[in-house]
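Source file: run_32.cif (mmCIF, C-alpha atoms)
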data_protein
#
loop_
_atom_site.label_atom_id
_atom_site.label_comp_id
_atom_site.auth_asym_id
_atom_site.auth_seq_id
_atom_site.Cartn_x
_atom_site.Cartn_y
_atom_site.Cartn_z
CA MET A 28 -112.34 -138.16 277.83
CA ASP A 29 -114.42 -138.89 274.72
CA GLU A 30 -114.81 -135.19 274.14
CA LEU A 31 -111.04 -134.81 274.04
CA TYR A 32 -110.72 -137.22 271.12
CA ASN A 33 -113.75 -135.91 269.26
CA LEU A 34 -112.37 -133.57 266.59
CA ASP A 35 -115.49 -133.31 264.42
CA HIS A 36 -115.97 -129.72 265.44
CA LEU A 37 -112.77 -128.80 263.56
CA ASN A 38 -114.36 -129.70 260.22
CA MET A 39 -111.07 -131.19 258.92
CA SER A 40 -110.43 -134.48 257.19
CA GLU A 41 -108.14 -137.15 258.60
CA GLU A 42 -105.58 -136.41 255.86
CA GLU A 43 -105.43 -132.81 257.00
CA LEU A 44 -105.27 -133.74 260.67
CA PHE A 45 -102.67 -136.50 260.41
CA SER A 46 -100.50 -135.61 257.42
CA MET A 47 -96.82 -136.66 257.48
CA ALA A 48 -94.29 -133.92 258.21
CA ASP A 49 -91.67 -133.20 255.56
CA ARG A 50 -88.20 -134.58 256.25
CA ASP A 51 -85.33 -132.72 254.59
CA GLU A 52 -82.00 -134.45 255.25
CA LEU A 53 -79.99 -131.42 254.05
CA ALA A 54 -81.94 -129.09 256.31
CA SER A 55 -81.33 -131.34 259.30
CA GLU A 56 -77.57 -131.06 258.75
CA ARG A 57 -77.60 -127.31 258.38
CA ILE A 58 -75.93 -125.42 261.24
CA THR A 59 -78.10 -122.58 262.48
CA ALA A 60 -75.48 -121.02 264.77
CA PRO A 61 -73.94 -117.70 263.57
CA ARG A 62 -70.75 -118.01 261.56
CA TYR A 63 -67.61 -117.51 263.68
CA SER A 64 -64.63 -115.51 262.43
CA TYR A 65 -61.62 -115.58 264.73
CA TRP A 66 -59.97 -112.31 263.72
CA GLN A 67 -63.30 -110.53 263.42
CA SER A 68 -64.02 -111.56 267.00
CA VAL A 69 -60.53 -110.46 268.07
CA PHE A 70 -61.01 -106.94 266.72
CA ARG A 71 -64.57 -106.78 268.04
CA VAL A 72 -63.36 -107.52 271.58
CA PHE A 73 -60.33 -105.23 271.17
CA PHE A 74 -62.29 -102.19 269.98
CA LYS A 75 -64.99 -102.71 272.58
CA LYS A 76 -62.74 -101.02 275.16
CA ARG A 77 -62.42 -97.27 274.73
CA ILE A 78 -58.92 -97.24 276.20
CA ASN A 79 -57.74 -99.45 273.32
CA ILE A 80 -59.09 -97.01 270.74
CA ILE A 81 -57.35 -94.12 272.50
CA ALA A 82 -54.07 -96.06 272.78
CA LEU A 83 -54.23 -97.16 269.15
CA GLY A 84 -54.90 -93.59 268.02
CA LEU A 85 -51.99 -92.33 270.09
CA LEU A 86 -49.77 -95.05 268.63
CA ALA A 87 -50.80 -94.06 265.09
CA VAL A 88 -49.97 -90.40 265.78
CA MET A 89 -46.57 -91.35 267.21
CA LEU A 90 -45.76 -93.60 264.24
CA ILE A 91 -46.54 -90.70 261.90
CA PHE A 92 -44.12 -88.45 263.79
CA ILE A 93 -41.54 -91.24 264.01
CA TYR A 94 -41.44 -92.27 260.36
CA VAL A 95 -43.28 -89.64 258.31
CA TYR A 96 -42.33 -86.38 260.02
CA PRO A 97 -38.51 -86.68 259.56
CA LEU A 98 -39.03 -87.49 255.87
CA ALA A 99 -41.54 -84.65 255.41
CA ILE A 100 -39.13 -82.02 256.78
CA GLY A 101 -36.11 -83.60 255.06
CA TYR A 102 -34.20 -84.05 258.30
CA ASP A 103 -30.48 -84.59 257.79
CA ALA A 104 -28.75 -86.05 260.86
CA GLU A 105 -25.35 -84.85 259.64
CA VAL A 106 -26.36 -81.22 258.96
CA ASP A 107 -29.46 -80.16 260.89
CA PRO A 108 -28.08 -80.58 264.44
CA TYR A 109 -25.26 -78.11 263.67
CA VAL A 110 -27.02 -75.42 261.64
CA ASN A 111 -26.97 -72.93 264.54
CA LEU A 112 -23.73 -74.17 266.11
CA LEU A 113 -21.93 -70.81 265.77
CA ASP A 114 -24.83 -68.75 267.13
CA SER A 115 -24.62 -68.80 270.92
CA SER A 116 -28.02 -67.13 271.28
CA THR A 117 -29.74 -70.28 269.98
CA LYS A 118 -28.32 -72.75 272.50
CA HIS A 119 -30.17 -74.25 275.48
CA LEU A 120 -33.44 -72.46 274.80
CA SER A 121 -36.69 -73.30 276.55
CA PRO A 122 -39.78 -73.64 274.32
CA ALA A 123 -40.89 -70.08 275.16
CA ALA A 124 -37.43 -68.67 274.45
CA ALA A 125 -37.18 -70.67 271.20
CA PHE A 126 -40.54 -69.32 270.00
CA GLU A 127 -39.39 -65.82 270.81
CA ARG A 128 -36.08 -66.33 268.99
CA PHE A 129 -37.29 -68.21 265.88
CA GLY A 130 -41.01 -67.56 265.78
CA PHE A 131 -43.86 -70.00 266.39
CA GLN A 132 -42.88 -73.18 264.54
CA LEU A 133 -43.62 -76.81 265.40
CA LYS A 134 -39.94 -77.73 265.41
CA TRP A 135 -39.27 -75.44 268.41
CA LEU A 136 -42.07 -76.94 270.50
CA LEU A 137 -39.51 -78.54 272.86
CA GLY A 138 -36.91 -75.79 272.68
CA ALA A 139 -33.32 -75.93 271.41
CA GLY A 140 -30.42 -78.08 272.51
CA ALA A 141 -26.74 -77.60 273.24
CA SER A 142 -25.87 -76.89 269.60
CA GLY A 143 -28.92 -74.77 268.86
CA GLU A 144 -30.67 -77.72 267.21
CA SER A 145 -34.39 -78.41 267.36
CA THR A 146 -35.01 -80.85 270.22
CA PHE A 147 -38.39 -81.78 268.71
CA ASP A 148 -36.90 -82.78 265.35
CA ALA A 149 -33.98 -84.61 266.95
CA ILE A 150 -36.26 -86.64 269.21
CA TRP A 151 -38.46 -87.97 266.42
CA TYR A 152 -35.50 -88.80 264.23
CA GLY A 153 -33.91 -90.61 267.16
CA ALA A 154 -37.19 -92.38 267.90
CA SER A 155 -37.24 -93.75 264.34
CA ILE A 156 -33.88 -95.42 264.98
CA SER A 157 -34.84 -96.80 268.41
CA VAL A 158 -38.25 -98.10 267.33
CA SER A 159 -36.84 -99.63 264.13
CA LEU A 160 -34.20 -101.42 266.19
CA ALA A 161 -36.87 -102.74 268.56
CA LEU A 162 -39.12 -103.96 265.74
CA VAL A 163 -36.29 -105.72 263.88
CA CYS A 164 -35.03 -107.42 267.05
CA ALA A 165 -38.54 -108.45 268.08
CA LEU A 166 -39.26 -109.88 264.61
CA ILE A 167 -36.06 -111.95 264.61
CA ASN A 168 -36.29 -113.16 268.21
CA MET A 169 -40.00 -113.94 268.05
CA THR A 170 -39.72 -115.83 264.76
CA VAL A 171 -36.74 -117.92 265.84
CA GLY A 172 -37.99 -118.34 269.40
CA VAL A 173 -41.48 -119.49 268.44
CA ILE A 174 -40.29 -122.00 265.82
CA VAL A 175 -37.48 -123.43 267.96
CA GLY A 176 -39.71 -123.45 271.05
CA ALA A 177 -42.44 -125.37 269.27
CA ILE A 178 -40.01 -128.06 268.12
CA TRP A 179 -38.23 -128.01 271.48
CA GLY A 180 -41.41 -128.70 273.39
CA PHE A 181 -42.62 -131.44 271.05
CA SER A 182 -39.43 -133.43 270.50
CA LYS A 183 -37.89 -135.15 273.52
CA ARG A 184 -34.52 -135.47 271.75
CA VAL A 185 -34.40 -131.75 271.03
CA ASP A 186 -35.61 -131.08 274.57
CA ALA A 187 -32.63 -132.87 276.12
CA PHE A 188 -30.13 -130.88 274.04
CA MET A 189 -31.81 -127.47 274.19
CA THR A 190 -32.37 -127.68 277.93
CA GLU A 191 -28.61 -127.92 278.46
CA VAL A 192 -28.01 -125.03 276.08
CA TYR A 193 -30.61 -122.95 277.91
CA ASN A 194 -29.11 -123.75 281.32
CA ILE A 195 -25.73 -122.46 280.13
CA ILE A 196 -26.88 -119.31 278.31
CA ALA A 197 -29.60 -118.32 280.78
CA ASN A 198 -27.05 -118.07 283.61
CA VAL A 199 -25.05 -115.42 281.74
CA PRO A 200 -26.42 -111.91 282.48
CA TYR A 201 -28.13 -110.74 279.30
CA ILE A 202 -27.11 -107.10 279.61
CA LEU A 203 -23.48 -108.14 280.24
CA LEU A 204 -23.47 -110.34 277.14
CA ILE A 205 -24.89 -107.51 275.03
CA SER A 206 -22.29 -105.08 276.36
CA VAL A 207 -19.39 -107.42 275.56
CA ILE A 208 -20.63 -108.02 272.01
CA VAL A 209 -21.09 -104.29 271.40
CA LEU A 210 -17.57 -103.62 272.72
CA ILE A 211 -16.06 -106.27 270.45
CA MET A 212 -17.98 -105.07 267.40
CA SER A 213 -18.55 -101.50 266.27
CA ALA A 214 -21.54 -99.81 267.90
CA SER A 215 -23.58 -99.81 264.70
CA PHE A 216 -27.22 -100.64 264.04
CA GLY A 217 -26.32 -104.10 262.71
CA ALA A 218 -24.03 -104.83 265.68
CA MET A 219 -26.78 -103.86 268.12
CA VAL A 220 -29.30 -106.08 266.32
CA PHE A 221 -26.82 -108.98 266.46
CA ALA A 222 -26.12 -108.41 270.17
CA LEU A 223 -29.82 -108.34 271.06
CA THR A 224 -30.76 -111.38 268.95
CA VAL A 225 -27.79 -113.77 269.19
CA THR A 226 -29.21 -115.21 272.43
CA GLY A 227 -32.36 -113.14 272.91
CA TRP A 228 -34.53 -115.78 271.26
CA ILE A 229 -33.69 -118.59 273.70
CA ALA A 230 -35.78 -117.21 276.57
CA ILE A 231 -38.73 -116.89 274.19
CA ALA A 232 -38.14 -120.44 272.94
CA TYR A 233 -38.10 -121.78 276.50
CA PHE A 234 -41.38 -120.01 277.30
CA ILE A 235 -43.00 -121.40 274.13
CA ARG A 236 -41.60 -124.85 274.95
CA THR A 237 -43.37 -124.76 278.31
CA GLN A 238 -46.66 -123.82 276.67
CA VAL A 239 -46.29 -126.53 274.03
CA ILE A 240 -45.69 -129.24 276.63
CA ILE A 241 -49.06 -128.38 278.17
CA ILE A 242 -50.97 -129.24 274.98
CA ARG A 243 -48.69 -131.62 273.07
CA ASP A 244 -50.22 -134.81 274.55
CA ARG A 245 -53.82 -133.99 273.77
CA GLU A 246 -55.81 -136.61 271.84
CA TYR A 247 -55.66 -134.97 268.43
CA ASN A 248 -51.88 -134.62 268.64
CA LEU A 249 -51.47 -138.25 269.68
CA ALA A 250 -53.65 -139.26 266.74
CA SER A 251 -51.53 -137.20 264.36
CA ARG A 252 -48.35 -138.85 265.64
CA CYS A 253 -49.88 -142.31 265.21
CA LEU A 254 -50.72 -141.42 261.61
CA GLY A 255 -47.08 -140.52 260.97
CA THR A 256 -47.46 -136.75 260.73
CA PRO A 257 -44.04 -135.03 260.99
CA ILE A 258 -43.29 -133.29 264.27
CA THR A 259 -42.70 -129.93 262.56
CA ARG A 260 -46.11 -130.08 260.88
CA ILE A 261 -47.85 -130.99 264.14
CA ALA A 262 -46.09 -128.12 265.88
CA MET A 263 -46.93 -125.59 263.16
CA LYS A 264 -50.50 -126.73 262.44
CA ASN A 265 -51.83 -128.30 265.62
CA ILE A 266 -50.12 -126.33 268.38
CA LEU A 267 -49.03 -122.83 267.36
CA PRO A 268 -52.48 -121.71 266.09
CA PHE A 269 -53.83 -122.31 269.60
CA MET A 270 -51.10 -120.10 271.09
CA THR A 271 -51.86 -116.89 269.20
CA SER A 272 -52.84 -114.96 272.32
CA VAL A 273 -49.72 -116.16 274.15
CA ILE A 274 -47.44 -115.12 271.28
CA VAL A 275 -49.07 -111.70 270.90
CA THR A 276 -48.81 -111.08 274.64
CA LEU A 277 -45.15 -112.12 274.59
CA ALA A 278 -44.43 -109.76 271.68
CA ALA A 279 -46.11 -106.95 273.63
CA THR A 280 -43.46 -107.27 276.32
CA GLU A 281 -40.51 -107.85 273.97
CA ILE A 282 -40.79 -104.74 271.78
CA PRO A 283 -40.70 -102.17 274.63
CA SER A 284 -37.88 -104.10 276.31
CA TYR A 285 -35.58 -103.62 273.30
CA ILE A 286 -36.23 -99.88 273.37
CA SER A 287 -35.26 -99.94 277.05
CA TYR A 288 -32.06 -101.90 276.31
CA GLU A 289 -31.06 -99.45 273.59
CA VAL A 290 -31.74 -96.42 275.79
CA PHE A 291 -29.84 -97.90 278.75
CA LEU A 292 -26.79 -98.94 276.71
CA SER A 293 -26.63 -95.57 275.00
CA TYR A 294 -27.05 -93.81 278.34
CA ILE A 295 -23.95 -95.56 279.76
CA GLY A 296 -22.02 -94.81 276.56
CA MET A 297 -22.15 -98.28 274.95
CA GLY A 298 -25.05 -97.84 272.56
CA LEU A 299 -25.47 -96.79 268.96
CA LYS A 300 -23.31 -94.21 267.29
CA ASP A 301 -26.42 -92.90 265.55
CA MET A 302 -28.58 -90.24 267.19
CA SER A 303 -31.11 -92.57 268.81
CA LEU A 304 -33.27 -91.76 271.82
CA GLY A 305 -30.65 -93.27 274.10
CA LYS A 306 -27.93 -91.20 272.48
CA LEU A 307 -29.96 -88.02 272.95
CA ILE A 308 -30.50 -88.82 276.62
CA GLU A 309 -26.81 -89.59 277.10
CA ALA A 310 -25.77 -86.36 275.38
CA SER A 311 -28.09 -84.23 277.54
CA GLN A 312 -27.20 -85.65 280.97
CA SER A 313 -25.70 -82.37 282.14
CA ALA A 314 -28.91 -80.53 281.25
CA MET A 315 -30.84 -82.61 283.79
CA VAL A 316 -29.45 -80.66 286.75
CA THR A 317 -28.97 -77.28 285.05
CA PRO A 318 -31.80 -74.80 285.72
CA GLY A 319 -33.68 -73.91 282.54
CA TRP A 320 -32.16 -76.75 280.46
CA GLY A 321 -34.37 -79.56 281.72
CA PHE A 322 -36.37 -79.82 278.48
CA GLU A 323 -33.30 -81.17 276.67
CA PHE A 324 -33.09 -84.17 278.98
CA TRP A 325 -36.67 -84.88 280.01
CA SER A 326 -38.16 -84.56 276.52
CA PRO A 327 -36.45 -87.67 275.05
CA VAL A 328 -36.99 -89.50 278.36
CA ALA A 329 -40.72 -88.75 278.22
CA VAL A 330 -41.04 -89.71 274.54
CA ALA A 331 -39.17 -92.99 275.06
CA SER A 332 -41.37 -93.82 278.05
CA ILE A 333 -44.61 -92.97 276.26
CA ILE A 334 -43.65 -95.05 273.21
CA ALA A 335 -42.78 -98.05 275.39
CA VAL A 336 -45.96 -97.79 277.47
CA VAL A 337 -48.27 -97.37 274.47
CA LEU A 338 -46.67 -100.27 272.58
CA TYR A 339 -47.03 -102.47 275.65
CA LEU A 340 -50.63 -101.40 276.29
CA VAL A 341 -51.75 -102.02 272.71
CA GLY A 342 -49.93 -105.34 272.49
CA GLN A 343 -51.12 -106.57 275.88
CA ASN A 344 -54.77 -105.75 275.19
CA LEU A 345 -54.52 -107.24 271.70
CA GLY A 346 -53.13 -110.40 273.28
CA ASP A 347 -56.08 -110.52 275.68
CA ALA A 348 -58.48 -110.05 272.77
CA SER A 349 -56.74 -112.89 270.90
CA ASP A 350 -57.81 -115.36 273.58
CA PRO A 351 -60.91 -117.18 272.21
CA ARG A 352 -62.31 -117.38 275.76
CA THR A 353 -62.95 -113.62 275.61
CA HIS A 354 -65.08 -113.97 272.45
CA MET A 355 -68.13 -115.34 274.23
#

Write the structure described by the file as structure tokens, please.
Amino acid sequence: MDELYNLDHLNMSEEELFSMADRDELASERITAPRYSYWQSVFRVFFKKRINIIALGLLAVMLIFIYVYPLAIGYDAEVDPYVNLLDSSTKHLSPAAAFERFGFQLKWLLGAGASGESTFDAIWYGASISVSLALVCALINMTVGVIVGAIWGFSKRVDAFMTEVYNIIANVPYILLISVIVLIMSASFGAMVFALTVTGWIAIAYFIRTQVIIIRDREYNLASRCLGTPITRIAMKNILPFMTSVIVTLAATEIPSYISYEVFLSYIGMGLKDMSLGKLIEASQSAMVTPGWGFEFWSPVAVASIIAVVLYLVGQNLGDASDPRTHM
């Protein structure tokens, strides 16, 4: 034991052996964990999956064709569909027949329609109308629905009133309500936006209300209420930031649904007057069962389906990446 405490062989003084360690108060408070950035983590998780990169690239290509391509070729919806109207040899052409008739051009990639028009050009112009309608409706419904839902779930007085409103409106078939509004008003872009948003936000608000109720009585929210913080501020600052993934996921389902509504209403003859994707599908119904004319019908159907699926896939995976539990 004595040998253990005998440190003479180290040839060091007591000051060197038993010197006081430095104590830096600032250093003790310094956080050594890596800095966390929410959105940087979101995109890191999102781009980690190869399927998301492919879907995002496909979405970018489609957006270029939807919004840039019609402008680049100077597409005129009042003139271009009827340029070859008097030439019967240009009508109902398959892609191979269109290339043989007009030469190899991108616009004849999907053949020619009933008036000798380019199906390819018409589809992307129609897609710009359908996608724009979906984005505008989603922006309005999501904004109103999220704000109203946050207040609805946090205020018991608002909850009593809005629950009765929801019970009345939710029992009216949504597609029937849209159809009646479109019939009363002219089938214009603005009328369709109004029909899809006049009550479309209430289902979103009810969903947000349910999510808010789950977290409204947590300790930090109770403390804010005791300090006199307004309900709207608590809802906007304490609750909604924790629901980013829920809101993104909800938007991922809403945007494709509006494209589906527009296509369905136009298909049954109650949609837009403009040449949207639904209008193109409705106008080419007879081509579906006519041998050799199938491209006129299935091309807009395929494009509408691909746009809806890609939008949903990107939005759904972005919503999953927005969940902080996936950032570990």

10 Å contact set for stretch 238-250 of chain A, only C-alpha atoms, chain neighbours under 5 positions out, as a ChimeraX atom specification: /A:176-182,232-233,255-256,258,261-262,265-267,269-270,273

Hits of the PyMOL selection byres ((chain A and resi 130-138) around 7) in this structure, as JSON, numbers by chain: {"A": [120, 121, 122, 125, 126, 127, 128, 129, 139, 140, 145, 146, 147, 148, 322]}

Within 12 Å of stretch 311-321 of chain A using only C-alpha atoms, minus same-chain residues under 5 positions, as a list in words: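 The residues that qualify are Lys118, His119, Leu120, Ser121, Pro122, Ala123, Ala124, Leu137, Gly138, Ala139, Gly140, Ala141, Ser142, Thr146, Ile150, Ser293, Tyr294, Ile295, Gly296, Met302, Leu304, Gly305, Lys306, Ser326, Pro327, Val328 and Ala329 of chain A.
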
Keeping only C-alpha atoms, write the selected residues to a file as a compact mmCIF listing (two decimals), in the frame of the given file.
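The resulting file, out-v4.txt, is shown below:
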# COMPACT_ATOMS: atom_id res chain seq x y z
CA LYS A 118 -28.32 -72.75 272.50
CA HIS A 119 -30.17 -74.25 275.48
CA LEU A 120 -33.44 -72.46 274.80
CA SER A 121 -36.69 -73.30 276.55
CA PRO A 122 -39.78 -73.64 274.32
CA ALA A 123 -40.89 -70.08 275.16
CA ALA A 124 -37.43 -68.67 274.45
CA LEU A 137 -39.51 -78.54 272.86
CA GLY A 138 -36.91 -75.79 272.68
CA ALA A 139 -33.32 -75.93 271.41
CA GLY A 140 -30.42 -78.08 272.51
CA ALA A 141 -26.74 -77.60 273.24
CA SER A 142 -25.87 -76.89 269.60
CA THR A 146 -35.01 -80.85 270.22
CA ILE A 150 -36.26 -86.64 269.21
CA SER A 293 -26.63 -95.57 275.00
CA TYR A 294 -27.05 -93.81 278.34
CA ILE A 295 -23.95 -95.56 279.76
CA GLY A 296 -22.02 -94.81 276.56
CA MET A 302 -28.58 -90.24 267.19
CA LEU A 304 -33.27 -91.76 271.82
CA GLY A 305 -30.65 -93.27 274.10
CA LYS A 306 -27.93 -91.20 272.48
CA SER A 326 -38.16 -84.56 276.52
CA PRO A 327 -36.45 -87.67 275.05
CA VAL A 328 -36.99 -89.50 278.36
CA ALA A 329 -40.72 -88.75 278.22

Top pick for closest residue to A:Pro97, considering A:Ile308, A:Val192, A:Cys253, A:Ala154 and counting only C-alpha atoms: A:Ala154

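Among A:Val330, A:Met169, A:Met219, A:Val209, the residue with the shortest atom-to-atom distance to A:Thr276, counting all atoms listed in the file, is A:Met169.
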